[in-house]
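*Asks:* What follows is work37.pdb, PDB, C-alpha atoms.
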```
MODEL        1
ATOM      1  CA  MET A 263      47.751 -54.076  31.869
ATOM      2  CA  VAL A 264      48.059 -52.617  35.356
ATOM      3  CA  THR A 265      45.339 -53.342  37.879
ATOM      4  CA  ILE A 266      44.772 -50.666  40.518
ATOM      5  CA  THR A 267      42.521 -52.026  43.239
ATOM      6  CA  GLU A 268      39.590 -50.028  44.611
ATOM      7  CA  SER A 269      41.407 -49.406  47.912
ATOM      8  CA  ALA A 270      44.513 -48.178  46.040
ATOM      9  CA  GLN A 271      42.352 -45.915  43.867
ATOM     10  CA  ASP A 272      40.748 -44.410  46.987
ATOM     11  CA  TYR A 273      44.140 -43.890  48.617
ATOM     12  CA  LEU A 274      45.696 -42.309  45.522
ATOM     13  CA  ALA A 275      42.646 -40.049  45.047
ATOM     14  CA  GLU A 276      43.003 -38.928  48.674
ATOM     15  CA  LEU A 277      46.678 -38.077  48.134
ATOM     16  CA  LEU A 278      45.932 -36.271  44.875
ATOM     17  CA  ALA A 279      43.231 -34.156  46.553
ATOM     18  CA  LYS A 280      45.982 -32.647  48.738
ATOM     19  CA  GLN A 281      48.037 -31.600  45.701
ATOM     20  CA  GLU A 282      46.949 -28.372  44.038
ATOM     21  CA  ASP A 283      48.823 -28.883  40.778
ATOM     22  CA  ALA A 284      48.647 -32.654  40.235
ATOM     23  CA  LEU A 285      46.789 -33.824  37.136
ATOM     24  CA  GLY A 286      46.861 -37.445  38.300
ATOM     25  CA  VAL A 287      49.578 -40.060  38.646
ATOM     26  CA  ARG A 288      52.252 -41.336  36.297
ATOM     27  CA  VAL A 289      53.357 -44.971  36.467
ATOM     28  CA  PHE A 290      56.749 -46.021  35.113
ATOM     29  CA  ILE A 291      59.671 -48.351  35.718
ATOM     30  CA  ASN A 292      63.223 -47.142  36.271
ATOM     31  CA  GLN A 293      65.754 -49.422  34.544
ATOM     32  CA  PRO A 294      63.108 -51.812  33.169
ATOM     33  CA  GLY A 295      64.255 -55.298  32.231
ATOM     34  CA  THR A 296      67.247 -55.220  34.582
ATOM     35  CA  PRO A 297      67.840 -56.612  38.079
ATOM     36  CA  ARG A 298      67.669 -53.007  39.326
ATOM     37  CA  ALA A 299      64.179 -52.370  37.931
ATOM     38  CA  GLU A 300      62.016 -50.273  40.208
ATOM     39  CA  THR A 301      58.313 -49.622  39.669
ATOM     40  CA  CYS A 302      57.300 -46.051  40.499
ATOM     41  CA  ILE A 303      54.121 -44.026  40.916
ATOM     42  CA  ALA A 304      54.572 -40.264  40.983
ATOM     43  CA  TYR A 305      52.361 -37.216  40.923
ATOM     44  CA  CYS A 306      51.833 -36.162  37.332
ATOM     45  CA  ARG A 307      52.017 -32.428  36.908
ATOM     46  CA  ASP A 308      51.782 -30.178  33.898
ATOM     47  CA  GLY A 309      54.669 -31.056  31.579
ATOM     48  CA  ASP A 310      55.227 -34.562  33.015
ATOM     49  CA  VAL A 311      53.160 -36.399  30.404
ATOM     50  CA  LYS A 312      55.397 -37.651  27.612
ATOM     51  CA  GLU A 313      54.451 -38.367  24.025
ATOM     52  CA  GLY A 314      53.388 -42.003  23.802
ATOM     53  CA  ASP A 315      52.228 -42.270  27.430
ATOM     54  CA  GLU A 316      49.053 -44.310  27.715
ATOM     55  CA  GLU A 317      46.270 -42.446  29.520
ATOM     56  CA  HIS A 318      43.682 -44.281  31.617
ATOM     57  CA  ALA A 319      40.810 -42.533  33.407
ATOM     58  CA  PHE A 320      39.780 -44.111  36.699
ATOM     59  CA  ASP A 321      36.664 -43.014  38.602
ATOM     60  CA  LYS A 322      38.516 -40.564  40.860
ATOM     61  CA  PHE A 323      41.740 -39.733  38.969
ATOM     62  CA  THR A 324      43.675 -40.177  35.743
ATOM     63  CA  ALA A 325      46.818 -42.286  35.382
ATOM     64  CA  TRP A 326      49.433 -42.101  32.649
ATOM     65  CA  PHE A 327      51.593 -45.157  31.948
ATOM     66  CA  GLU A 328      55.015 -44.552  30.413
ATOM     67  CA  GLU A 329      55.158 -46.030  26.920
ATOM     68  CA  ARG A 330      58.603 -47.570  27.407
ATOM     69  CA  SER A 331      57.452 -49.284  30.630
ATOM     70  CA  LEU A 332      54.242 -50.783  29.225
ATOM     71  CA  PRO A 333      55.608 -54.257  28.358
ATOM     72  CA  PHE A 334      57.182 -54.477  31.812
ATOM     73  CA  LEU A 335      53.973 -53.351  33.548
ATOM     74  CA  GLU A 336      51.983 -56.249  32.133
ATOM     75  CA  ASP A 337      50.135 -58.042  34.976
ATOM     76  CA  ALA A 338      51.182 -55.365  37.505
ATOM     77  CA  LEU A 339      49.036 -54.845  40.596
ATOM     78  CA  VAL A 340      48.790 -51.713  42.735
ATOM     79  CA  ASP A 341      47.066 -52.306  46.081
ATOM     80  CA  TYR A 342      46.556 -50.493  49.362
ATOM     81  CA  ALA A 343      46.109 -52.270  52.672
ATOM     82  CA  LYS A 344      45.218 -50.457  55.895
ATOM     83  CA  ASP A 345      47.132 -51.432  58.998
ATOM     84  CA  ARG A 346      47.783 -50.145  62.549
ATOM     85  CA  MET A 347      50.257 -47.577  61.237
ATOM     86  CA  GLY A 348      47.842 -46.212  58.649
ATOM     87  CA  GLY A 349      48.420 -48.332  55.582
ATOM     88  CA  GLN A 350      50.769 -49.313  52.816
ATOM     89  CA  LEU A 351      50.641 -48.913  49.061
ATOM     90  CA  THR A 352      52.228 -51.883  47.316
ATOM     91  CA  ILE A 353      53.173 -52.271  43.698
ATOM     92  CA  ARG A 354      53.843 -55.719  42.286
ATOM     93  CA  ALA A 355      55.149 -55.817  38.743
ATOM     94  CA  PRO A 356      56.257 -59.402  38.077
ATOM     95  CA  ASN A 357      57.570 -58.540  34.610
ATOM     96  CA  ALA A 358      59.583 -55.443  35.602
ATOM     97  CA  LYS A 359      62.909 -57.282  35.755
ATOM     98  CA  MET A 360      62.176 -59.795  33.045
ATOM     99  CA  PRO A 361      63.611 -58.574  29.773
ATOM    100  CA  ARG A 362      61.073 -58.315  27.004
ATOM    101  CA  VAL A 363      63.160 -57.280  24.081
ATOM    102  CA  ASP A 364      63.122 -57.811  20.350
ATOM    103  CA  GLU A 365      64.509 -55.966  17.339
ATOM    104  CA  ASN A 366      61.856 -53.249  17.798
ATOM    105  CA  SER A 367      62.742 -52.569  21.448
ATOM    106  CA  PRO A 368      64.581 -49.359  22.337
ATOM    107  CA  LEU A 369      68.358 -49.648  21.971
ATOM    108  CA  GLU A 370      68.793 -49.030  25.706
ATOM    109  CA  ASP A 371      66.634 -52.079  26.541
ATOM    110  CA  ARG A 372      68.540 -54.291  24.094
ATOM    111  CA  ILE A 373      71.880 -53.185  25.569
ATOM    112  CA  ASN A 374      70.643 -53.903  29.108
ATOM    113  CA  TYR A 375      69.405 -57.309  28.005
ATOM    114  CA  LEU A 376      72.843 -58.229  26.640
ATOM    115  CA  LEU A 377      74.651 -56.816  29.667
ATOM    116  CA  TYR A 378      72.548 -58.674  32.227
ATOM    117  CA  ASN A 379      72.070 -61.933  30.348
ATOM    118  CA  GLU A 380      75.315 -62.460  28.437
ATOM    119  CA  ILE A 381      78.080 -60.177  29.686
ATOM    120  CA  ASN A 382      77.518 -59.893  33.443
ATOM    121  CA  PRO A 383      77.317 -63.660  34.044
ATOM    122  CA  ALA A 384      80.884 -63.925  32.658
ATOM    123  CA  LEU A 385      82.105 -60.944  34.695
ATOM    124  CA  ALA A 386      80.512 -62.370  37.838
ATOM    125  CA  SER A 387      83.140 -65.134  37.913
ATOM    126  CA  HIS A 388      85.606 -62.369  38.832
ATOM    127  CA  GLY A 389      83.163 -60.571  41.105
ATOM    128  CA  GLY A 390      82.533 -57.869  38.511
ATOM    129  CA  GLU A 391      79.628 -56.286  36.713
ATOM    130  CA  VAL A 392      78.919 -53.605  34.156
ATOM    131  CA  SER A 393      75.836 -51.412  33.764
ATOM    132  CA  LEU A 394      74.575 -48.964  31.180
ATOM    133  CA  VAL A 395      74.656 -45.311  32.195
ATOM    134  CA  GLU A 396      73.292 -43.853  28.947
ATOM    135  CA  VAL A 397      73.293 -44.054  25.187
ATOM    136  CA  THR A 398      74.690 -40.837  23.729
ATOM    137  CA  GLU A 399      73.093 -39.015  20.809
ATOM    138  CA  ASP A 400      76.018 -40.062  18.615
ATOM    139  CA  GLY A 401      75.374 -43.770  19.323
ATOM    140  CA  TYR A 402      77.879 -44.665  22.067
ATOM    141  CA  ALA A 403      76.959 -46.829  25.058
ATOM    142  CA  VAL A 404      78.385 -45.240  28.208
ATOM    143  CA  LEU A 405      79.110 -47.978  30.742
ATOM    144  CA  GLN A 406      80.139 -48.195  34.371
ATOM    145  CA  PHE A 407      82.030 -51.142  35.826
ATOM    146  CA  GLY A 408      81.666 -52.270  39.416
ATOM    147  CA  GLY A 409      82.821 -54.965  41.795
ATOM    148  CA  GLY A 410      86.004 -56.766  40.745
ATOM    149  CA  CYS A 411      86.098 -54.870  37.433
ATOM    150  CA  GLN A 412      86.456 -51.444  39.039
ATOM    151  CA  GLY A 413      90.166 -50.660  39.119
ATOM    152  CA  CYS A 414      91.122 -54.006  37.572
ATOM    153  CA  ALA A 415      94.293 -53.948  35.485
ATOM    154  CA  ALA A 416      92.567 -56.009  32.782
ATOM    155  CA  VAL A 417      89.512 -53.745  32.415
ATOM    156  CA  ASP A 418      90.689 -52.301  29.079
ATOM    157  CA  GLN A 419      90.916 -55.833  27.640
ATOM    158  CA  THR A 420      87.516 -56.701  29.129
ATOM    159  CA  LEU A 421      86.004 -53.539  27.665
ATOM    160  CA  LYS A 422      87.439 -53.810  24.148
ATOM    161  CA  HIS A 423      87.602 -57.576  23.569
ATOM    162  CA  GLY A 424      84.635 -58.641  25.657
ATOM    163  CA  VAL A 425      81.956 -56.056  26.279
ATOM    164  CA  GLU A 426      82.385 -53.840  23.200
ATOM    165  CA  LYS A 427      82.886 -56.796  20.856
ATOM    166  CA  THR A 428      79.716 -58.533  22.099
ATOM    167  CA  LEU A 429      77.599 -55.376  21.952
ATOM    168  CA  MET A 430      78.881 -54.295  18.516
ATOM    169  CA  GLU A 431      78.359 -57.767  16.998
ATOM    170  CA  GLN A 432      74.756 -57.938  18.157
ATOM    171  CA  LEU A 433      73.862 -54.247  17.920
ATOM    172  CA  PRO A 434      75.616 -52.908  14.790
ATOM    173  CA  GLN A 435      73.893 -49.526  15.134
ATOM    174  CA  LEU A 436      76.165 -48.789  18.127
ATOM    175  CA  GLN A 437      79.197 -46.651  17.321
ATOM    176  CA  GLY A 438      81.149 -48.022  20.286
ATOM    177  CA  VAL A 439      81.343 -48.045  24.062
ATOM    178  CA  ARG A 440      82.825 -45.651  26.583
ATOM    179  CA  ASP A 441      83.834 -46.405  30.150
ATOM    180  CA  MET A 442      83.044 -43.737  32.747
ATOM    181  CA  THR A 443      84.264 -45.758  35.753
ATOM    182  CA  ASP A 444      86.739 -44.271  38.213
ATOM    183  CA  HIS A 445      89.363 -47.014  38.078
ATOM    184  CA  SER A 446      91.628 -45.308  40.623
ATOM    185  CA  ASP A 447      89.711 -47.174  43.361
ATOM    186  CA  ARG A 448      91.359 -50.600  43.305
ATOM    187  CA  THR A 449      90.067 -51.882  46.668
ATOM    188  CA  ARG A 450      88.009 -54.691  45.119
ATOM    189  CA  ALA A 451      89.856 -55.100  41.816
ATOM    190  CA  TYR A 452      90.230 -58.653  40.547
ATOM    191  CA  TYR A 453      93.803 -58.094  39.181
TER     192      TYR A 453
ENDMDL
END
```
Since I need it in another form, could you write the structure as structure tokens?

*Replies:*
Amino acid sequence: MVTITESAQDYLAELLAKQEDALGVRVFINQPGTPRAETCIAYCRDGDVKEGDEEHAFDKFTAWFEERSLPFLEDALVDYAKDRMGGQLTIRAPNAKMPRVDENSPLEDRINYLLYNEINPALASHGGEVSLVEVTEDGYAVLQFGGGCQGCAAVDQTLKHGVEKTLMEQLPQLQGVRDMTDHSDRTRAYY
């Protein structure tokens, strides 16, 4: 699990003491299992705790760890080092970008795994990429293309015969994919 050093605990407790309405901190990862993964620590206020969050009481404060982020927070370290400018809080989560998915993982994580490990390497040969924006309630993956794919004349073929086909074959619970990219910008388009 996450290790929060003594110096980081002292620093976080000091910050929390200045917040009237903070219950503690909440630790989570934005876009876990993707190259864009970002580990975050935020003040946790009333209403911020989500069902499934793992609560851990430290000596001077309480931390909640987002359930979805837990596998990606394995072996994470939060530290605080004083320096001439005051100090710096650092968070190292070596597993944040490493996909840890299986058939029980959330659909969003499985889609991201396929996008970043199977689909994007093929698109990269044309300078393109695709990322997941959201999964709709009715089971559609909303995607956004970038790089050479944005504005490319062949993007419809790429979407239907490449991306959608791959995702639907491996994730049959998906109803389909939708592209929300503004393809009117053709400045970097491959075709």

*Asks:* Select, from A:Thr443, A:Ser393, A:Gln437, A:Gln271, the residue with the minimum atom-to-atom distance to Ile373 (chain A), counting only C-alpha atoms.

*Replies:*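 Smallest distance to Ile373 (chain A) is found for A:Ser393.
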
*Asks:* Could you work out how far CA of Leu332 (chain A) lies from CA of Arg372 (chain A), giving the answer in Å with one decimal?

*Replies:*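 Calculated distance between CA of Arg372 (chain A) and CA of Leu332 (chain A) is 15.6 Å.
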
*Asks:* Residues picked by the PyMOL selection byres ((chain A and resi 395) around 6) here, as a list in words?

*Replies:*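 Taken over the shown coordinates, the PyMOL selection byres ((chain A and resi 395) around 6) returns Leu394, Glu396, Val404 and Leu405 of chain A.
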
*Asks:* To verify the selection step, state as an mmCIF file with C-alpha atoms, keeping the file's coordinate frame which residues the PyMOL selection byres ((chain A and resi 322-330) around 7) yields on this input.

*Replies:*
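Everything below was put into part-v6.cif:
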```
data_model
loop_
_atom_site.group_PDB
_atom_site.id
_atom_site.type_symbol
_atom_site.label_atom_id
_atom_site.label_comp_id
_atom_site.auth_asym_id
_atom_site.auth_seq_id
_atom_site.Cartn_x
_atom_site.Cartn_y
_atom_site.Cartn_z
ATOM 1 C CA ALA A 275 42.646 -40.049 45.047
ATOM 2 C CA GLY A 286 46.861 -37.445 38.300
ATOM 3 C CA VAL A 287 49.578 -40.060 38.646
ATOM 4 C CA ARG A 288 52.252 -41.336 36.297
ATOM 5 C CA VAL A 289 53.357 -44.971 36.467
ATOM 6 C CA PHE A 290 56.749 -46.021 35.113
ATOM 7 C CA GLY A 314 53.388 -42.003 23.802
ATOM 8 C CA ASP A 315 52.228 -42.270 27.430
ATOM 9 C CA GLU A 316 49.053 -44.310 27.715
ATOM 10 C CA GLU A 317 46.270 -42.446 29.520
ATOM 11 C CA HIS A 318 43.682 -44.281 31.617
ATOM 12 C CA ALA A 319 40.810 -42.533 33.407
ATOM 13 C CA PHE A 320 39.780 -44.111 36.699
ATOM 14 C CA ASP A 321 36.664 -43.014 38.602
ATOM 15 C CA SER A 331 57.452 -49.284 30.630
ATOM 16 C CA LEU A 332 54.242 -50.783 29.225
#
```

*Asks:* Counting all atoms listed in the file, figure out which residue out of A:Gln281, A:Thr428, A:Gln435, A:Gln412 gets nearest to Tyr452 (chain A).

*Replies:* A:Gln412

*Asks:* Care to translate the PyMOL selection byres ((chain A and resi 401) around 10) into actual residues of this file, as a PyMOL selection string?

*Replies:* chain A and resi 369+396-400+402-404+435-439

*Asks:* Generate the output file for the selected residues, C-alpha atoms, as a compact mmCIF listing (two decimals), keeping the file's coordinate frame.

*Replies:*
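What follows is the written file result_13.txt:
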```
# COMPACT_ATOMS: atom_id res chain seq x y z
CA LEU A 369 68.36 -49.65 21.97
CA GLU A 396 73.29 -43.85 28.95
CA VAL A 397 73.29 -44.05 25.19
CA THR A 398 74.69 -40.84 23.73
CA GLU A 399 73.09 -39.02 20.81
CA ASP A 400 76.02 -40.06 18.61
CA TYR A 402 77.88 -44.66 22.07
CA ALA A 403 76.96 -46.83 25.06
CA VAL A 404 78.39 -45.24 28.21
CA GLN A 435 73.89 -49.53 15.13
CA LEU A 436 76.17 -48.79 18.13
CA GLN A 437 79.20 -46.65 17.32
CA GLY A 438 81.15 -48.02 20.29
CA VAL A 439 81.34 -48.04 24.06
```

*Asks:* From the list A:Val340, A:Val311, A:Leu285, A:Ala416, which residue is nearest Thr267 (chain A) when using only C-alpha atoms?

*Replies:* A:Val340

*Asks:* Working from the structure I just supplied, which lacks atoms in region 394-418 of chain A, can you model N, CA and C atoms there and output them as a PDB file, keeping the file's coordinate frame?

*Replies:*
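The new file rebuild_30.pdb reads:
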```pdb
ATOM      1  N   LEU A 394      74.734 -50.050  32.146  1.00  0.00           N
ATOM      2  CA  LEU A 394      74.575 -48.964  31.180  1.00  0.00           C
ATOM      3  C   LEU A 394      74.225 -47.681  31.918  1.00  0.00           C
ATOM      4  N   VAL A 395      74.951 -46.622  31.629  1.00  0.00           N
ATOM      5  CA  VAL A 395      74.656 -45.311  32.195  1.00  0.00           C
ATOM      6  C   VAL A 395      73.741 -44.547  31.245  1.00  0.00           C
ATOM      7  N   GLU A 396      74.108 -44.538  29.953  1.00  0.00           N
ATOM      8  CA  GLU A 396      73.292 -43.853  28.947  1.00  0.00           C
ATOM      9  C   GLU A 396      73.750 -44.254  27.553  1.00  0.00           C
ATOM     10  N   VAL A 397      72.910 -43.945  26.590  1.00  0.00           N
ATOM     11  CA  VAL A 397      73.293 -44.054  25.187  1.00  0.00           C
ATOM     12  C   VAL A 397      73.350 -42.620  24.682  1.00  0.00           C
ATOM     13  N   THR A 398      74.515 -42.219  24.178  1.00  0.00           N
ATOM     14  CA  THR A 398      74.690 -40.837  23.729  1.00  0.00           C
ATOM     15  C   THR A 398      73.972 -40.610  22.395  1.00  0.00           C
ATOM     16  N   GLU A 399      73.760 -39.352  22.061  1.00  0.00           N
ATOM     17  CA  GLU A 399      73.093 -39.015  20.809  1.00  0.00           C
ATOM     18  C   GLU A 399      73.868 -39.503  19.597  1.00  0.00           C
ATOM     19  N   ASP A 400      75.213 -39.602  19.744  1.00  0.00           N
ATOM     20  CA  ASP A 400      76.018 -40.062  18.615  1.00  0.00           C
ATOM     21  C   ASP A 400      76.212 -41.585  18.611  1.00  0.00           C
ATOM     22  N   GLY A 401      75.418 -42.309  19.415  1.00  0.00           N
ATOM     23  CA  GLY A 401      75.374 -43.770  19.323  1.00  0.00           C
ATOM     24  C   GLY A 401      76.379 -44.548  20.141  1.00  0.00           C
ATOM     25  N   TYR A 402      76.938 -43.956  21.200  1.00  0.00           N
ATOM     26  CA  TYR A 402      77.879 -44.665  22.067  1.00  0.00           C
ATOM     27  C   TYR A 402      77.171 -45.109  23.349  1.00  0.00           C
ATOM     28  N   ALA A 403      77.472 -46.324  23.788  1.00  0.00           N
ATOM     29  CA  ALA A 403      76.959 -46.829  25.058  1.00  0.00           C
ATOM     30  C   ALA A 403      77.968 -46.438  26.143  1.00  0.00           C
ATOM     31  N   VAL A 404      77.529 -45.648  27.095  1.00  0.00           N
ATOM     32  CA  VAL A 404      78.385 -45.240  28.208  1.00  0.00           C
ATOM     33  C   VAL A 404      78.134 -46.230  29.349  1.00  0.00           C
ATOM     34  N   LEU A 405      79.210 -46.895  29.769  1.00  0.00           N
ATOM     35  CA  LEU A 405      79.110 -47.978  30.742  1.00  0.00           C
ATOM     36  C   LEU A 405      79.843 -47.642  32.027  1.00  0.00           C
ATOM     37  N   GLN A 406      79.442 -48.323  33.096  1.00  0.00           N
ATOM     38  CA  GLN A 406      80.139 -48.195  34.371  1.00  0.00           C
ATOM     39  C   GLN A 406      80.384 -49.591  34.926  1.00  0.00           C
ATOM     40  N   PHE A 407      81.652 -49.861  35.247  1.00  0.00           N
ATOM     41  CA  PHE A 407      82.030 -51.142  35.826  1.00  0.00           C
ATOM     42  C   PHE A 407      81.962 -51.056  37.345  1.00  0.00           C
ATOM     43  N   GLY A 408      81.705 -52.206  37.965  1.00  0.00           N
ATOM     44  CA  GLY A 408      81.666 -52.270  39.416  1.00  0.00           C
ATOM     45  C   GLY A 408      82.244 -53.587  39.899  1.00  0.00           C
ATOM     46  N   GLY A 409      82.297 -53.739  41.207  1.00  0.00           N
ATOM     47  CA  GLY A 409      82.821 -54.965  41.795  1.00  0.00           C
ATOM     48  C   GLY A 409      84.271 -55.178  41.425  1.00  0.00           C
ATOM     49  N   GLY A 410      84.630 -56.408  41.070  1.00  0.00           N
ATOM     50  CA  GLY A 410      86.004 -56.766  40.745  1.00  0.00           C
ATOM     51  C   GLY A 410      86.529 -56.110  39.488  1.00  0.00           C
ATOM     52  N   CYS A 411      85.658 -55.533  38.667  1.00  0.00           N
ATOM     53  CA  CYS A 411      86.098 -54.870  37.433  1.00  0.00           C
ATOM     54  C   CYS A 411      86.570 -53.444  37.685  1.00  0.00           C
ATOM     55  N   GLN A 412      86.067 -52.822  38.765  1.00  0.00           N
ATOM     56  CA  GLN A 412      86.456 -51.444  39.039  1.00  0.00           C
ATOM     57  C   GLN A 412      87.907 -51.426  39.517  1.00  0.00           C
ATOM     58  N   GLY A 413      88.756 -50.767  38.769  1.00  0.00           N
ATOM     59  CA  GLY A 413      90.166 -50.660  39.119  1.00  0.00           C
ATOM     60  C   GLY A 413      91.004 -51.848  38.686  1.00  0.00           C
ATOM     61  N   CYS A 414      90.400 -52.810  38.009  1.00  0.00           N
ATOM     62  CA  CYS A 414      91.122 -54.006  37.572  1.00  0.00           C
ATOM     63  C   CYS A 414      92.100 -53.651  36.446  1.00  0.00           C
ATOM     64  N   ALA A 415      93.274 -54.222  36.502  1.00  0.00           N
ATOM     65  CA  ALA A 415      94.293 -53.948  35.485  1.00  0.00           C
ATOM     66  C   ALA A 415      93.888 -54.457  34.110  1.00  0.00           C
ATOM     67  N   ALA A 416      92.978 -55.423  34.062  1.00  0.00           N
ATOM     68  CA  ALA A 416      92.567 -56.009  32.782  1.00  0.00           C
ATOM     69  C   ALA A 416      91.278 -55.391  32.231  1.00  0.00           C
ATOM     70  N   VAL A 417      90.800 -54.300  32.827  1.00  0.00           N
ATOM     71  CA  VAL A 417      89.512 -53.745  32.415  1.00  0.00           C
ATOM     72  C   VAL A 417      89.519 -53.260  30.968  1.00  0.00           C
ATOM     73  N   ASP A 418      90.644 -52.744  30.478  1.00  0.00           N
ATOM     74  CA  ASP A 418      90.689 -52.301  29.079  1.00  0.00           C
ATOM     75  C   ASP A 418      90.475 -53.480  28.134  1.00  0.00           C
TER      76      ASP A 418
END
```
